[in-house]
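Report on the structure given below.
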Amino acid sequence: MSAPAATDRVLATLNADGSRRWIRPRPSHGRYWQWRRGVAWFLMALFLALPHLRIAGKPAMLLDLPRREFTLFGTTFLPTDTLLLMLLGISILIAIFLMTALFGRVWCGWACPQTVYMEFLFRPIERWLEGGWNQSRALDRDRRHFHPRRLAKYAVYAVLAAILGNSFLAYFVGTDRLARWMASSPMEHPTAFLVMFGVTVAAFLDFTWFREQTCLVACPYGRWQSVLLDKQSLIVAYDRTRGEPRGHGSTARAGLGDCVDCTACVTTCPTGIDIRDGLQMECVHCTQCADACDAVMTKVGKPVGLIRYASQESLAGHKRHILRPRTVLYPAAFSLFFGGFLFTLTHRSPADVTLLGAIGAPFTMEGSDTVINQVRIRIANRTGAEARYTLELADAADARLVAPELPLSVAPGVTRTTSVFIVAPASSFHEASREIHFTLTDGRAYRAAFEWHLRGPRRDDDRRDDDNRDSGKRPESKESR
Ligand code: SF4
Ligand code: SF4
């Protein structure tokens, strides 16, 4: 039994019976489209090229999740750089808020991968292979989903989705490893293969089937618009004062506005809406309706710009104010967080050092009176040159350092872990512990002191103190022994 048809207006992407209404926008190759195409091709090329580019010998972008190291434009962030990444993340978020307050959804229309790939790669291929936007609509209407032209489109989409999936993986594993993996069996790297396969399938389904629904129901940024925009923000808008009352035929007819009600702005819209209904959450500000309308206005001899970038206030005849609370507060907050990021970045230590205890037994005994502690030292060389790190014990004349690998050479940007052994007499331990200090240096800019607690056996004195404590007596002090 089919659902009863809606008697009122339904969503732009639904038919009256509730089924999906496929949006096949008519292309509008106006001035905005020319500019957007330039930006889109640049961004698509950048996405493919970034993992291949090197800056100061490092990948321009590498998000090494297993090692928890992020390399962005030649700068490597380590797991200990949480503060830096947090400051950078907050700065980006505030910049997005500011950009939206000033220019509306300019990101959605000009730079979002969903729009860029859909409108400037997948949609043109669809029109080319299916014979034009009208032929695509005819295939939908006749439910010819397995028409050879459409199957050919799916095949090309699958190849493109696989390229996107592999490019995506390159951001996480690097291009060298990706090239090796592509020449070997997926069974040798099953996790990475599954990630690539998952992204490929997601991209294929997105650009084949889900399409504008990503912007309408899945994207959180679209949902934020009602709070991120205000009446002064620049939006793609229909000039109602100039356009209404709309009407067919001669606009010279008394009382009619400039809108000839041709619906070119509706048939070109990738989300299927009518911009003349005012600002809507579904509008991704792609400017296709502006291009379509400009072409119509030129044809009917009217000035272009009936649909244009404008603020709601300026359309209402009021002056547009750039300065308002959110355009003052956002830059102030951005300066604070991004300034903090730059300061922390430029004042980072030239090395990032982490001390770790032994794996397995906390200490070993050599005979009955000598304790050996293993200390693992992980050193990340943040400088642009190779560094040689040495370690010295401080104020520990009775202890000895055994460090087979020191001085340790670490290449720029590389992290290495080495083990040193500290040999100390068992009598120097109290309560199974002994504090020790040492200094690590690279002989140049880096020098840092560390404190470490060696582990050792419990001595008879310690046990006696424990017994006294348990029986309520005061433990004997060192001086009294
Ligand atoms: S394209 Fe322009 S003239 Fe045509 S319906 Fe839209 S607003 Fe009116
Ligand atoms: S209404 Fe215009 S700007 Fe908004 S999504 Fe549709 S075509 Fe793009």
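By convention here, the chains of the structure tokens are called A, B, ... in the order presented, each chain's residues are numbered starting at 1, and ligands are numbered starting at 1 in the order presented.
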
Could you list, as JSON, numbers by chain, every residue within 8 Å of region 137-154 of chain A, counting only C-alpha atoms and ignoring same-chain residues fewer than 6 positions away?
{"A": [22, 24, 125, 126, 129, 130, 208]}

Can you pull out every residue with an atom within 6 Å of ligand 1? Use only C-alpha atoms and all ligand atoms and format it as an mmCIF file with C-alpha atoms, in the first residue's frame.
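So the final result, stored in pocket.cif, reads:
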```cif
data_model
loop_
_atom_site.group_PDB
_atom_site.id
_atom_site.type_symbol
_atom_site.label_atom_id
_atom_site.label_comp_id
_atom_site.auth_asym_id
_atom_site.auth_seq_id
_atom_site.Cartn_x
_atom_site.Cartn_y
_atom_site.Cartn_z
ATOM 1 C CA CYS A 259 11.622 38.356 -11.217
ATOM 2 C CA VAL A 260 10.074 36.769 -14.297
ATOM 3 C CA ASP A 261 9.315 33.615 -12.335
ATOM 4 C CA CYS A 262 11.310 31.470 -14.747
ATOM 5 C CA THR A 263 12.446 29.131 -11.885
ATOM 6 C CA ALA A 264 15.977 28.947 -13.361
ATOM 7 C CA CYS A 265 17.254 29.619 -9.810
ATOM 8 C CA ALA A 292 21.330 31.378 -13.293
ATOM 9 C CA CYS A 293 19.445 34.552 -12.460
#
```

Show me which residues line ligand 2, defined as having an atom within 10 Å of a ligand atom where only C-alpha atoms and all ligand atoms count, and present them as a PDB file with C-alpha atoms, in the first residue's frame.
```
ATOM      1  CA  PRO A  25      20.604  20.595 -11.026  1.00  0.00           C
ATOM      2  CA  SER A  28      24.756  27.578 -14.641  1.00  0.00           C
ATOM      3  CA  ARG A 105      28.535  29.754   4.428  1.00  0.00           C
ATOM      4  CA  VAL A 106      31.344  30.671   2.087  1.00  0.00           C
ATOM      5  CA  CYS A 108      30.163  25.311   2.102  1.00  0.00           C
ATOM      6  CA  GLY A 109      29.811  26.893  -1.303  1.00  0.00           C
ATOM      7  CA  GLU A 212      22.926  16.668  -0.952  1.00  0.00           C
ATOM      8  CA  CYS A 215      24.716  18.816   3.678  1.00  0.00           C
ATOM      9  CA  ILE A 235      24.639  35.482   2.373  1.00  0.00           C
ATOM     10  CA  VAL A 236      23.484  34.536  -1.105  1.00  0.00           C
ATOM     11  CA  ALA A 237      20.081  36.195  -1.156  1.00  0.00           C
ATOM     12  CA  TYR A 238      17.184  37.118  -3.379  1.00  0.00           C
ATOM     13  CA  ALA A 264      15.977  28.947 -13.361  1.00  0.00           C
ATOM     14  CA  CYS A 265      17.254  29.619  -9.810  1.00  0.00           C
ATOM     15  CA  VAL A 266      15.326  26.568  -8.560  1.00  0.00           C
ATOM     16  CA  THR A 267      16.287  24.094 -11.286  1.00  0.00           C
ATOM     17  CA  THR A 268      19.978  24.940 -10.841  1.00  0.00           C
ATOM     18  CA  CYS A 269      19.978  24.559  -7.054  1.00  0.00           C
ATOM     19  CA  PRO A 270      21.921  21.473  -5.867  1.00  0.00           C
ATOM     20  CA  THR A 271      19.731  21.209  -2.770  1.00  0.00           C
ATOM     21  CA  GLY A 272      16.500  21.777  -4.699  1.00  0.00           C
ATOM     22  CA  ILE A 273      15.270  24.821  -2.794  1.00  0.00           C
ATOM     23  CA  ASP A 274      13.771  28.095  -3.948  1.00  0.00           C
ATOM     24  CA  ILE A 275      15.953  30.948  -2.707  1.00  0.00           C
ATOM     25  CA  ARG A 276      13.039  33.332  -3.117  1.00  0.00           C
ATOM     26  CA  ASP A 277      11.566  31.779   0.050  1.00  0.00           C
ATOM     27  CA  GLY A 278      14.285  33.518   2.080  1.00  0.00           C
ATOM     28  CA  LEU A 279      17.291  32.252   4.039  1.00  0.00           C
ATOM     29  CA  GLN A 280      17.061  28.500   4.530  1.00  0.00           C
ATOM     30  CA  MET A 281      19.195  25.963   6.340  1.00  0.00           C
ATOM     31  CA  GLU A 282      19.388  23.916   3.106  1.00  0.00           C
ATOM     32  CA  CYS A 283      21.134  26.731   1.240  1.00  0.00           C
ATOM     33  CA  VAL A 284      24.853  25.958   0.948  1.00  0.00           C
ATOM     34  CA  HIS A 285      25.538  29.389  -0.603  1.00  0.00           C
ATOM     35  CA  CYS A 286      26.938  27.905  -3.768  1.00  0.00           C
ATOM     36  CA  THR A 287      25.865  30.928  -5.884  1.00  0.00           C
ATOM     37  CA  GLN A 288      24.502  28.734  -8.687  1.00  0.00           C
ATOM     38  CA  CYS A 289      21.145  30.485  -8.421  1.00  0.00           C
ATOM     39  CA  ALA A 290      22.923  33.861  -8.679  1.00  0.00           C
ATOM     40  CA  ASP A 291      24.613  32.749 -11.908  1.00  0.00           C
ATOM     41  CA  ALA A 292      21.330  31.378 -13.293  1.00  0.00           C
ATOM     42  CA  CYS A 293      19.445  34.552 -12.460  1.00  0.00           C
ATOM     43  CA  ILE A 307      20.194  37.182  -6.498  1.00  0.00           C
ATOM     44  CA  ARG A 308      23.550  38.229  -5.067  1.00  0.00           C
ATOM     45  CA  TYR A 309      25.805  38.321  -2.036  1.00  0.00           C
TER      46      TYR A 309
END
```

Distance in Å - CA of Leu63 (chain A) versus CA of Tyr171 (chain A)
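For CA of Leu63 (chain A) relative to CA of Tyr171 (chain A), the distance reads 5.9 Å.
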
When you count only C-alpha atoms, which of these residues is closest to Val296 (chain A): A:Gly360, A:Pro59, A:Gly30, A:Pro4?
A:Gly30

Can you tell me which residues surround Ala432 (chain A) at a distance of at most 6 Å, considering only C-alpha atoms, apart from same-chain residues fewer than 6 positions away, and format the answer as a list of chain:residue names?
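The residues that qualify are A:Arg455, A:Gly456, A:Pro457, A:Arg458.
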
Please measure the separation of CA of Ile90 (chain A) and CA of Trp41 (chain A), giving the value in Å to one decimal.
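For CA of Ile90 (chain A) relative to CA of Trp41 (chain A), the distance reads 28.7 Å.
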
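Considering the residues A:Thr75, A:Ser409, A:Asn15, A:Thr364 and counting only C-alpha atoms, Phe421 (chain A) has its shortest atom-to-atom contact with A:Thr364.
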
Within 12 Å of Ala162 (chain A) using only C-alpha atoms, minus same-chain residues under 3 positions, as a compact mmCIF listing (two decimals) with N, CA and C atoms, in the first residue's frame:
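Saved the output as selection38.txt:
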```txt
# COMPACT_ATOMS: atom_id res chain seq x y z
N ALA A 155 30.78 2.97 -12.75
CA ALA A 155 32.13 2.41 -12.88
C ALA A 155 33.19 3.51 -12.72
N VAL A 156 32.94 4.65 -13.38
CA VAL A 156 33.91 5.76 -13.27
C VAL A 156 33.92 6.28 -11.83
N TYR A 157 32.75 6.38 -11.22
CA TYR A 157 32.68 6.84 -9.82
C TYR A 157 33.48 5.91 -8.90
N ALA A 158 33.39 4.60 -9.17
CA ALA A 158 34.10 3.64 -8.31
C ALA A 158 35.61 3.86 -8.40
N VAL A 159 36.09 4.11 -9.62
CA VAL A 159 37.54 4.36 -9.78
C VAL A 159 37.93 5.64 -9.04
N GLY A 165 40.02 7.24 -1.77
CA GLY A 165 40.30 6.39 -0.60
C GLY A 165 41.79 6.21 -0.38
N ASN A 166 42.53 5.99 -1.46
CA ASN A 166 43.98 5.81 -1.34
C ASN A 166 44.66 7.13 -0.96
N SER A 167 44.19 8.23 -1.53
CA SER A 167 44.77 9.54 -1.19
C SER A 167 44.52 9.85 0.28
N PHE A 168 43.33 9.51 0.74
CA PHE A 168 43.00 9.73 2.15
C PHE A 168 43.96 8.94 3.05
N LEU A 169 44.19 7.68 2.67
CA LEU A 169 45.08 6.84 3.48
C LEU A 169 46.50 7.40 3.50
N MET A 182 50.50 -0.71 -1.96
CA MET A 182 49.69 -0.89 -3.17
C MET A 182 50.27 -1.98 -4.06
N PHE A 193 44.19 -1.52 4.80
CA PHE A 193 43.38 -1.84 3.62
C PHE A 193 41.90 -1.62 3.92
N VAL A 195 40.61 0.44 6.10
CA VAL A 195 40.35 1.88 6.17
C VAL A 195 40.17 2.44 4.76
N MET A 196 41.12 2.08 3.88
CA MET A 196 41.04 2.58 2.49
C MET A 196 39.75 2.09 1.82
N PHE A 197 39.42 0.82 2.04
CA PHE A 197 38.22 0.26 1.42
C PHE A 197 36.96 0.96 1.97
N GLY A 198 36.95 1.19 3.29
CA GLY A 198 35.80 1.85 3.92
C GLY A 198 35.61 3.26 3.37
N VAL A 199 36.71 4.00 3.22
CA VAL A 199 36.60 5.38 2.70
C VAL A 199 36.14 5.34 1.24
N THR A 200 36.66 4.36 0.49
CA THR A 200 36.26 4.24 -0.92
C THR A 200 34.75 3.98 -1.03
N VAL A 201 34.26 3.04 -0.23
CA VAL A 201 32.83 2.72 -0.27
C VAL A 201 32.01 3.93 0.17
N ALA A 202 32.47 4.61 1.25
CA ALA A 202 31.74 5.79 1.74
C ALA A 202 31.70 6.88 0.67
N ALA A 203 32.83 7.11 0.01
CA ALA A 203 32.87 8.15 -1.03
C ALA A 203 31.95 7.76 -2.19
N PHE A 204 31.99 6.50 -2.58
CA PHE A 204 31.15 6.04 -3.70
C PHE A 204 29.66 6.24 -3.36
N LEU A 205 29.27 5.80 -2.15
CA LEU A 205 27.86 5.93 -1.77
C LEU A 205 27.46 7.40 -1.62
```

Rounded to one decimal, what separation in Å do you get between CA of Asp8 (chain A) and CA of Ile23 (chain A)?
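So the two atoms, CA of Asp8 (chain A) and CA of Ile23 (chain A), lie 19.9 Å apart.
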
Fewer than 2 positions away in the same chain doesn't count, so skip those; otherwise give me all residues within 12 Å of Val420 (chain A), counting only C-alpha atoms, as a VMD selection string.
chain A and resid 355 to 358 372 to 378 390 to 393 400 to 408 417 to 418 422 to 423 438

Find the residue from A:Thr80, A:Thr13, A:Thr191, A:Ser184 that sits nearest to Asp352 (chain A); use only C-alpha atoms when measuring.
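Closest to Asp352 (chain A), using only C-alpha atoms: A:Thr80.
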
Can you tell me, as a PyMOL selection string, which residues in region 1-214 of chain A count as strand (DSSP E) by DSSP?
chain A and resi 54-55+58-59+61-64+69-72+75-77

Taking into account only C-alpha atoms, which residue in the set A:Ala60, A:Leu93, A:Leu121, A:Leu87 is nearest to Ala40 (chain A)?
A:Leu121

Close residues, Arg54 (chain A) itself excluded, 12 Å, only C-alpha atoms, min 4 positions apart in chain, as a PyMOL selection string:
chain A and resi 49-50+58-62+71-75+174-175

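Residues within 12 Å of Phe120 (chain A), counting only C-alpha atoms and excluding same-chain residues fewer than 4 positions away, are A:Pro27, A:His29, A:Trp33, A:Gln34, A:Trp35, A:Arg36, A:Arg37, A:Gly38, A:Val39, A:Ala40, A:Trp41, A:Phe42, A:Leu43, A:Met44, A:Gly109, A:Trp110, A:Ala111, A:Cys112, A:Pro113, A:Gln114, A:Thr115, A:Val116, A:Pro124, A:Ile125, A:Glu126, A:Arg127, A:Phe207, A:Cys286.
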
Members of region 164-403 of chain A assigned alpha helix (DSSP H) by DSSP, as a short mmCIF file (atom, residue, chain, number, x, y, z; two decimals) with C-alpha atoms, in the first residue's frame:
```
data_model
loop_
_atom_site.label_atom_id
_atom_site.label_comp_id
_atom_site.auth_asym_id
_atom_site.auth_seq_id
_atom_site.Cartn_x
_atom_site.Cartn_y
_atom_site.Cartn_z
CA LEU A 164 40.09 9.32 -3.04
CA GLY A 165 40.30 6.39 -0.60
CA ASN A 166 43.98 5.81 -1.34
CA SER A 167 44.77 9.54 -1.19
CA PHE A 168 43.00 9.73 2.15
CA LEU A 169 45.08 6.84 3.48
CA ALA A 170 48.28 8.59 2.32
CA TYR A 171 47.62 11.32 4.89
CA PHE A 172 47.90 8.71 7.65
CA VAL A 173 50.63 6.38 6.43
CA THR A 175 53.16 8.11 0.33
CA ASP A 176 56.22 5.80 0.50
CA ARG A 177 54.45 3.24 2.63
CA LEU A 178 51.27 3.57 0.57
CA ALA A 179 53.22 2.88 -2.65
CA ARG A 180 54.76 -0.25 -1.08
CA TRP A 181 51.37 -1.45 0.17
CA MET A 182 49.69 -0.89 -3.17
CA PRO A 190 44.72 -5.57 6.67
CA THR A 191 43.79 -2.62 8.91
CA ALA A 192 45.05 -0.01 6.48
CA PHE A 193 43.38 -1.84 3.62
CA LEU A 194 40.06 -1.86 5.47
CA VAL A 195 40.35 1.88 6.17
CA MET A 196 41.04 2.58 2.49
CA PHE A 197 38.22 0.26 1.42
CA GLY A 198 35.80 1.85 3.92
CA VAL A 199 36.60 5.38 2.70
CA THR A 200 36.26 4.24 -0.92
CA VAL A 201 32.83 2.72 -0.27
CA ALA A 202 31.74 5.79 1.74
CA ALA A 203 32.87 8.15 -1.03
CA PHE A 204 31.15 6.04 -3.70
CA LEU A 205 27.86 5.93 -1.77
CA GLN A 213 21.66 14.75 2.08
CA PRO A 220 26.90 19.65 11.84
CA TYR A 221 28.23 22.90 10.39
CA GLY A 222 25.01 23.36 8.43
CA ARG A 223 23.04 22.93 11.65
CA TRP A 224 25.06 25.65 13.39
CA GLN A 225 24.10 28.31 10.86
CA SER A 226 21.15 29.59 12.82
CA VAL A 227 23.48 30.62 15.64
CA LEU A 228 26.58 31.50 13.63
CA ARG A 240 12.69 40.61 -2.70
CA THR A 241 12.14 44.38 -2.90
CA ARG A 242 13.40 44.43 -6.46
CA GLY A 243 12.02 41.07 -7.57
CA ALA A 264 15.98 28.95 -13.36
CA CYS A 265 17.25 29.62 -9.81
CA VAL A 266 15.33 26.57 -8.56
CA THR A 267 16.29 24.09 -11.29
CA GLN A 288 24.50 28.73 -8.69
CA CYS A 289 21.14 30.48 -8.42
CA ALA A 290 22.92 33.86 -8.68
CA ASP A 291 24.61 32.75 -11.91
CA ALA A 292 21.33 31.38 -13.29
CA CYS A 293 19.45 34.55 -12.46
CA ASP A 294 22.18 36.82 -13.86
CA ALA A 295 21.85 35.01 -17.19
CA VAL A 296 18.07 35.55 -17.15
CA MET A 297 18.40 39.20 -16.18
CA THR A 298 20.88 39.76 -19.01
CA LYS A 299 18.46 38.11 -21.42
CA GLN A 312 19.68 40.60 5.36
CA GLU A 313 20.05 44.13 6.77
CA SER A 314 21.30 45.62 3.51
CA LEU A 315 18.46 43.92 1.60
CA PRO A 325 29.91 42.24 19.07
CA ARG A 326 30.73 38.93 17.38
CA THR A 327 33.13 40.45 14.85
CA VAL A 328 35.01 42.11 17.70
CA LEU A 329 34.96 39.22 20.18
CA TYR A 330 35.92 36.49 17.69
CA PRO A 331 39.10 38.25 16.47
CA ALA A 332 40.02 39.04 20.08
CA ALA A 333 39.60 35.41 21.11
CA PHE A 334 41.40 34.25 17.97
CA SER A 335 44.37 36.54 18.69
CA LEU A 336 44.54 35.18 22.23
CA PHE A 337 44.50 31.50 21.31
CA PHE A 338 46.50 31.71 18.11
CA GLY A 339 49.03 34.01 19.81
CA GLY A 340 49.31 31.42 22.58
CA PHE A 341 49.82 28.72 19.95
CA LEU A 342 52.59 30.67 18.18
CA PHE A 343 54.29 31.56 21.47
CA THR A 344 54.24 27.95 22.67
CA LEU A 345 55.39 26.71 19.27
CA THR A 346 58.37 29.05 19.10
#
```
